[in-house]
Amino acid sequence: MRTSQELSALLDRLDGRGYPAYRDLAGSWQLPLPGASRAIAELMVDRVQPDPFAAPSRLRLRLPLEVTGLPRWAVQSPLRRIATGDYLARRFQEAIRTQHRGRTEGSGRSGAIDIDAGGAEILDRTALRVTEDVVEVRFTAGLPAQGRRILGTAARQLLLERIPRIAAESLLPGAWNPRDLQAHIVAAEDHAWLQAELPRLGLVAFVADGAILPRESGVSERPLRGAIPWQSPSELAVEVNLPGAGRVRGTGIPEGVTLIVGGGYHGKSTLLRALVRGVYPHIPGDGREQVVTRDDAWKLRAEDGRRVVGVDISPFISRLPGGTDTTRFNTEAASGSTSMAANLVEALEAGCRLLLVDEDTAASNFLVRDARMQALVPKAIEPITPLIDQVRPLYRDLGVSTIMVVGGAGDYLDVADHVILMEHYRPRVVTERARQVAAQLPSRRQPEAPEPLRLPTPRWIDPASVDPYRGGRQKVKATDLDELVVGWERVDLSAVEGLVDPSQTRAIGAAILYALKQGLFERLPLPDALAEALKVADTGGLERWVRGEPVGNLARPRLLELSAALCRLRTLAVRPGPEHPRPNDNNPKGRRPGS
């Protein structure tokens, strides 16, 4: 490890030279941190950007745990290490903002420092790793230049002054608040504990009294100021004794079929959105810290135009004109109803046991056929068995519960176990009243004899159909939260609402590439191959997906989102499994993977 004096001398020599000379910075350096502790960190320059307009350089700071002053209780379990890392990454980000003060230091990304600190959720991410011995921060920095000439003085200020101050103001004793750290850990641990307890309690979700569900805007995850706090109706009120927060009262949503009804703008979709994100723990102050949803929940919605390959949608759609086989259904552009059927079956394949549905984002003909349409269009020429006729078998036969926001499909009152009315963002239980309405105003629709329900047989992926190469080079990257690039293909993830962070999308790309390289798709069916990749990451870190490279921009996805992304790859093909041989007729256009 070279000294900070050697680093300073090197930057003097580099001043005014061409930008590629920055490559001499690669390696490890001693970095004194300001303050009375006289702490020494290790600065590692892992990747040097090729020019000031390219992606910033990748750097790491490593400190012994005792130098940070972190208590041993903060690193005693994997979950505590994740929460501690999440908390410190946010402190590091705040220190960057304090130090930056709007300054510019040359061309392109010169002087820019950033860390992948995340949003409202506490996720297992690679930006800041905490072990029982070491704290390691992974961040990016734009090495300063004027044009494409190195600014040695500005680089010295960046590496030997600004970065040490940022580290001292976020990682050293006195820079972080023990109470805030403890609250962060409690939020993560309480969420994990209650999520594990929900099945034993017969619940699929819990919303604590006092929770703030409305957000600042449709594009913001900040809590809305002045929002009405959640207050449980007595009929669904339960008390749980959380390990950290103690006794908490809230609404327990039971297993089965639950409807959320009410007028427009009264909080129905706001509640459902909170439940979608309730699969993850939230940071203190978010308002949804004690909104907890089963980990196997999936937001089901229509997705017109998506490609579907080899999915058995026959329990919902059968007898298509032309004799199309819906037990191995393929289409290049699904309709609203066929996309919902495929999305539901794929979610079951990946382990979903709780469906979250909003009438506003669903295909109406997949949800219900009312009595008038049944009279006008006989079942003999209607291939769709609507969800209303399968929602109870889903629960009875497969243990899959449903929470649905309903604004107009009143026929669902006939199949609901519980009905919650939202009025001015306050919930009321109206189950008995709903049953009275259903009896007084019968829908007169006839249940349509559904096809037998069964869990789908897992599909086997043809690895050749997942081509990560473009022009001889691997290209797998996330361009945003909603888009993943795999080779020549752009995968649209805008309908995968369980994704909450672009770093999850990047991790999905890395996981798919890892599964390909390890031959997991040759040995295992789709969900098992992806579950094996997740197991490797959970035991050895997400870095295992990128050959152990210390990247700082990955966050763990769930199996459901990982599977959903792969299923939306437009070149995907399935192959016969060892126990279920079948014709490989799932690439209807004969499209060459990667073309």
# chains A, B, ... in the order shown; residues from 1 in each chain; ligands from 1
call {"tool": "select_by_dssp", "arguments": {"residues": "stretch 65-183 of chain A", "states": "strand (DSSP E or B)", "output": "PyMOL selection string"}}
result
chain A and resi 113-114+121+125+128-130+134-141+145-146+149-150
call {"tool": "select_by_dssp", "arguments": {"residues": "stretch 18-232 of chain A", "states": "alpha helix (DSSP H)", "output": "PyMOL selection string"}}
result
chain A and resi 65-68+78-100+152-157+163-171+178-201
call {"tool": "residues_around", "arguments": {"residues": "A:Thr293", "least_positions_apart": "2", "cutoff": "8 Å", "atoms": "only C-alpha atoms", "output": "PyMOL selection string"}}
result
chain A and resi 195+204-206+275-279+291+295+297
call {"tool": "residues_around", "arguments": {"residues": "stretch 115-125 of chain A", "least_positions_apart": "6", "cutoff": "6 Å", "atoms": "only C-alpha atoms", "output": "ChimeraX atom specification"}}
result
/A:82,89-90,139,281-283,553-556
call {"tool": "write_last_selection", "arguments": {"atoms": "C-alpha atoms", "output": "PDB file, in the first residue's frame"}}
result
ATOM      1  CA  ILE A  82     -27.221  -4.923   5.961  1.00  0.00           C
ATOM      2  CA  ALA A  89     -24.278   4.764   3.050  1.00  0.00           C
ATOM      3  CA  ARG A  90     -26.948   7.413   3.622  1.00  0.00           C
ATOM      4  CA  PHE A 139     -18.416   4.981  -4.504  1.00  0.00           C
ATOM      5  CA  PRO A 281     -38.380  -2.762   5.221  1.00  0.00           C
ATOM      6  CA  HIS A 282     -38.477   1.053   5.156  1.00  0.00           C
ATOM      7  CA  ILE A 283     -36.220   3.657   6.677  1.00  0.00           C
ATOM      8  CA  ASN A 553     -24.309  -0.414  -7.514  1.00  0.00           C
ATOM      9  CA  LEU A 554     -26.207  -3.672  -6.969  1.00  0.00           C
ATOM     10  CA  ALA A 555     -29.215  -4.312  -4.720  1.00  0.00           C
ATOM     11  CA  ARG A 556     -30.888  -7.651  -4.100  1.00  0.00           C
TER      12      ARG A 556
END
call {"tool": "atom_distance", "arguments": {"atom1": "atom CA of A:Met373", "atom2": "atom CA of A:Val406"}}
result
19.2 Å
call {"tool": "closest_residue", "arguments": {"among": "A:Asp286, A:Glu561, A:Glu94, A:Asp467", "to": "A:Ile113", "atoms": "only C-alpha atoms"}}
result
A:Glu94
call {"tool": "closest_residue", "arguments": {"among": "A:Ala41, A:Leu421, A:Leu513, A:Asp24", "to": "A:Gly264", "atoms": "only C-alpha atoms"}}
result
A:Leu421
call {"tool": "residues_around", "arguments": {"residues": "A:Leu493", "least_positions_apart": "6", "cutoff": "7 Å", "atoms": "only C-alpha atoms", "output": "VMD selection string"}}
result
chain A and resid 482 to 483 565
call {"tool": "write_last_selection", "arguments": {"atoms": "all heavy atoms", "output": "PDB file, in the first residue's frame"}}
result
ATOM      1  N   ASP A 482     -36.809   0.660 -15.120  1.00  0.00           N
ATOM      2  CA  ASP A 482     -37.807  -0.058 -15.913  1.00  0.00           C
ATOM      3  C   ASP A 482     -37.257  -0.722 -17.162  1.00  0.00           C
ATOM      4  O   ASP A 482     -38.030  -1.245 -17.968  1.00  0.00           O
ATOM      5  CB  ASP A 482     -38.929   0.899 -16.335  1.00  0.00           C
ATOM      6  CG  ASP A 482     -39.708   1.430 -15.149  1.00  0.00           C
ATOM      7  OD1 ASP A 482     -39.675   0.790 -14.095  1.00  0.00           O
ATOM      8  OD2 ASP A 482     -40.322   2.506 -15.286  1.00  0.00           O
ATOM      9  N   GLU A 483     -35.939  -0.702 -17.367  1.00  0.00           N
ATOM     10  CA  GLU A 483     -35.428  -1.281 -18.611  1.00  0.00           C
ATOM     11  C   GLU A 483     -34.098  -1.974 -18.386  1.00  0.00           C
ATOM     12  O   GLU A 483     -33.193  -1.431 -17.765  1.00  0.00           O
ATOM     13  CB  GLU A 483     -35.267  -0.211 -19.689  1.00  0.00           C
ATOM     14  CG  GLU A 483     -34.866  -0.787 -21.040  1.00  0.00           C
ATOM     15  CD  GLU A 483     -34.748   0.267 -22.125  1.00  0.00           C
ATOM     16  OE1 GLU A 483     -33.723   0.984 -22.152  1.00  0.00           O
ATOM     17  OE2 GLU A 483     -35.683   0.368 -22.945  1.00  0.00           O
ATOM     18  N   ALA A 565     -38.405 -10.590 -15.001  1.00  0.00           N
ATOM     19  CA  ALA A 565     -37.532  -9.953 -15.980  1.00  0.00           C
ATOM     20  C   ALA A 565     -37.108 -10.939 -17.057  1.00  0.00           C
ATOM     21  O   ALA A 565     -37.156 -10.638 -18.260  1.00  0.00           O
ATOM     22  CB  ALA A 565     -36.306  -9.370 -15.277  1.00  0.00           C
TER      23      ALA A 565
END
call {"tool": "closest_residue", "arguments": {"among": "A:Arg17, A:Arg148, A:Arg138, A:Arg80", "to": "A:Pro50", "atoms": "only C-alpha atoms"}}
result
A:Arg148
call {"tool": "closest_residue", "arguments": {"among": "A:Leu356, A:Met1, A:Leu198, A:Ala95", "to": "A:Ile260", "atoms": "only C-alpha atoms"}}
result
A:Leu356
call {"tool": "atom_distance", "arguments": {"atom1": "atom CA of A:Ile253", "atom2": "atom CA of A:Gln504"}}
result
28.0 Å
call {"tool": "closest_residue", "arguments": {"among": "A:Thr98, A:Ser77, A:Thr84, A:Gln5", "to": "A:Leu159", "atoms": "only C-alpha atoms"}}
result
A:Gln5
call {"tool": "closest_residue", "arguments": {"among": "A:Met422, A:Ala183, A:Leu242, A:Leu376", "to": "A:Gly267", "atoms": "only C-alpha atoms"}}
result
A:Met422
call {"tool": "residues_around", "arguments": {"residues": "A:Ser8", "least_positions_apart": "4", "cutoff": "8 Å", "atoms": "only C-alpha atoms", "output": "PyMOL selection string"}}
result
chain A and resi 4+12+156+160
call {"tool": "atom_distance", "arguments": {"atom1": "atom CA of A:Ser107", "atom2": "atom CA of A:Ile150"}}
result
10.1 Å
call {"tool": "decode", "arguments": {"residues": "stretch 182-266 of chain A", "atoms": "C-alpha atoms", "output": "PDB file, in the first residue's frame"}}
result
ATOM      1  CA  GLN A 182     -30.381   1.621  16.344  1.00  0.00           C
ATOM      2  CA  ALA A 183     -33.678   2.885  14.863  1.00  0.00           C
ATOM      3  CA  HIS A 184     -32.482   1.817  11.416  1.00  0.00           C
ATOM      4  CA  ILE A 185     -31.662  -1.678  12.646  1.00  0.00           C
ATOM      5  CA  VAL A 186     -34.938  -1.932  14.580  1.00  0.00           C
ATOM      6  CA  ALA A 187     -36.920  -0.989  11.459  1.00  0.00           C
ATOM      7  CA  ALA A 188     -35.260  -3.797   9.480  1.00  0.00           C
ATOM      8  CA  GLU A 189     -35.465  -6.415  12.235  1.00  0.00           C
ATOM      9  CA  ASP A 190     -39.065  -5.674  13.201  1.00  0.00           C
ATOM     10  CA  HIS A 191     -40.113  -5.904   9.560  1.00  0.00           C
ATOM     11  CA  ALA A 192     -38.333  -9.232   9.081  1.00  0.00           C
ATOM     12  CA  TRP A 193     -39.772 -10.649  12.306  1.00  0.00           C
ATOM     13  CA  LEU A 194     -43.357  -9.674  11.508  1.00  0.00           C
ATOM     14  CA  GLN A 195     -43.070 -10.803   7.892  1.00  0.00           C
ATOM     15  CA  ALA A 196     -42.055 -14.227   9.141  1.00  0.00           C
ATOM     16  CA  GLU A 197     -44.923 -14.221  11.690  1.00  0.00           C
ATOM     17  CA  LEU A 198     -47.716 -13.293   9.261  1.00  0.00           C
ATOM     18  CA  PRO A 199     -48.500 -16.875   8.164  1.00  0.00           C
ATOM     19  CA  ARG A 200     -48.695 -18.061  11.775  1.00  0.00           C
ATOM     20  CA  LEU A 201     -51.107 -15.203  12.514  1.00  0.00           C
ATOM     21  CA  GLY A 202     -53.245 -16.101   9.489  1.00  0.00           C
ATOM     22  CA  LEU A 203     -52.467 -12.733   7.920  1.00  0.00           C
ATOM     23  CA  VAL A 204     -51.118 -11.603   4.581  1.00  0.00           C
ATOM     24  CA  ALA A 205     -50.360  -7.999   5.571  1.00  0.00           C
ATOM     25  CA  PHE A 206     -50.224  -5.614   8.520  1.00  0.00           C
ATOM     26  CA  VAL A 207     -50.623  -1.815   8.601  1.00  0.00           C
ATOM     27  CA  ALA A 208     -49.750  -0.169  11.915  1.00  0.00           C
ATOM     28  CA  ASP A 209     -51.853   2.592  13.418  1.00  0.00           C
ATOM     29  CA  GLY A 210     -50.238   5.938  12.746  1.00  0.00           C
ATOM     30  CA  ALA A 211     -48.670   4.836   9.448  1.00  0.00           C
ATOM     31  CA  ILE A 212     -48.488   7.517   6.753  1.00  0.00           C
ATOM     32  CA  LEU A 213     -49.366   5.935   3.405  1.00  0.00           C
ATOM     33  CA  PRO A 214     -49.866   8.871   0.980  1.00  0.00           C
ATOM     34  CA  ARG A 215     -46.770  10.053  -0.858  1.00  0.00           C
ATOM     35  CA  GLU A 216     -45.711  13.573  -1.761  1.00  0.00           C
ATOM     36  CA  SER A 217     -46.507  13.011  -5.452  1.00  0.00           C
ATOM     37  CA  GLY A 218     -46.781  10.278  -8.048  1.00  0.00           C
ATOM     38  CA  VAL A 219     -43.016  10.432  -8.668  1.00  0.00           C
ATOM     39  CA  SER A 220     -41.886  10.862  -5.062  1.00  0.00           C
ATOM     40  CA  GLU A 221     -41.544   8.363  -2.238  1.00  0.00           C
ATOM     41  CA  ARG A 222     -41.453  11.064   0.445  1.00  0.00           C
ATOM     42  CA  PRO A 223     -44.383  10.981   2.891  1.00  0.00           C
ATOM     43  CA  LEU A 224     -47.090  13.567   2.245  1.00  0.00           C
ATOM     44  CA  ARG A 225     -47.078  16.326   4.838  1.00  0.00           C
ATOM     45  CA  GLY A 226     -50.359  16.660   6.666  1.00  0.00           C
ATOM     46  CA  ALA A 227     -51.560  13.240   5.519  1.00  0.00           C
ATOM     47  CA  ILE A 228     -54.169  11.427   7.604  1.00  0.00           C
ATOM     48  CA  PRO A 229     -52.495   8.718   9.721  1.00  0.00           C
ATOM     49  CA  TRP A 230     -53.797   5.170   9.417  1.00  0.00           C
ATOM     50  CA  GLN A 231     -56.323   4.161  12.058  1.00  0.00           C
ATOM     51  CA  SER A 232     -57.393   0.514  12.293  1.00  0.00           C
ATOM     52  CA  PRO A 233     -61.052  -0.488  12.267  1.00  0.00           C
ATOM     53  CA  SER A 234     -61.809  -2.508  15.367  1.00  0.00           C
ATOM     54  CA  GLU A 235     -62.931  -5.573  13.410  1.00  0.00           C
ATOM     55  CA  LEU A 236     -59.448  -6.078  11.909  1.00  0.00           C
ATOM     56  CA  ALA A 237     -57.361  -4.613  14.718  1.00  0.00           C
ATOM     57  CA  VAL A 238     -54.592  -6.841  16.026  1.00  0.00           C
ATOM     58  CA  GLU A 239     -51.706  -6.249  18.371  1.00  0.00           C
ATOM     59  CA  VAL A 240     -48.216  -7.592  17.751  1.00  0.00           C
ATOM     60  CA  ASN A 241     -45.259  -7.498  20.091  1.00  0.00           C
ATOM     61  CA  LEU A 242     -42.351  -6.453  17.868  1.00  0.00           C
ATOM     62  CA  PRO A 243     -38.812  -7.262  19.086  1.00  0.00           C
ATOM     63  CA  GLY A 244     -37.687  -3.641  18.842  1.00  0.00           C
ATOM     64  CA  ALA A 245     -40.728  -1.371  18.867  1.00  0.00           C
ATOM     65  CA  GLY A 246     -42.656  -3.442  21.390  1.00  0.00           C
ATOM     66  CA  ARG A 247     -46.444  -3.664  21.369  1.00  0.00           C
ATOM     67  CA  VAL A 248     -47.965  -2.209  18.203  1.00  0.00           C
ATOM     68  CA  ARG A 249     -51.619  -2.072  17.207  1.00  0.00           C
ATOM     69  CA  GLY A 250     -52.603  -2.184  13.579  1.00  0.00           C
ATOM     70  CA  THR A 251     -54.783  -3.662  10.861  1.00  0.00           C
ATOM     71  CA  GLY A 252     -54.226  -7.318  10.113  1.00  0.00           C
ATOM     72  CA  ILE A 253     -55.456  -8.258   6.655  1.00  0.00           C
ATOM     73  CA  PRO A 254     -56.450 -11.940   6.834  1.00  0.00           C
ATOM     74  CA  GLU A 255     -55.746 -14.670   4.346  1.00  0.00           C
ATOM     75  CA  GLY A 256     -58.456 -15.223   1.737  1.00  0.00           C
ATOM     76  CA  VAL A 257     -60.086 -12.706  -0.606  1.00  0.00           C
ATOM     77  CA  THR A 258     -60.134  -9.087   0.557  1.00  0.00           C
ATOM     78  CA  LEU A 259     -61.706  -6.217  -1.366  1.00  0.00           C
ATOM     79  CA  ILE A 260     -60.716  -2.577  -0.932  1.00  0.00           C
ATOM     80  CA  VAL A 261     -63.623  -0.375  -2.045  1.00  0.00           C
ATOM     81  CA  GLY A 262     -64.549   3.295  -1.889  1.00  0.00           C
ATOM     82  CA  GLY A 263     -64.892   6.403  -3.985  1.00  0.00           C
ATOM     83  CA  GLY A 264     -62.186   7.806  -6.190  1.00  0.00           C
ATOM     84  CA  TYR A 265     -59.318   9.628  -4.447  1.00  0.00           C
ATOM     85  CA  HIS A 266     -60.186   8.203  -1.020  1.00  0.00           C
TER      86      HIS A 266
END
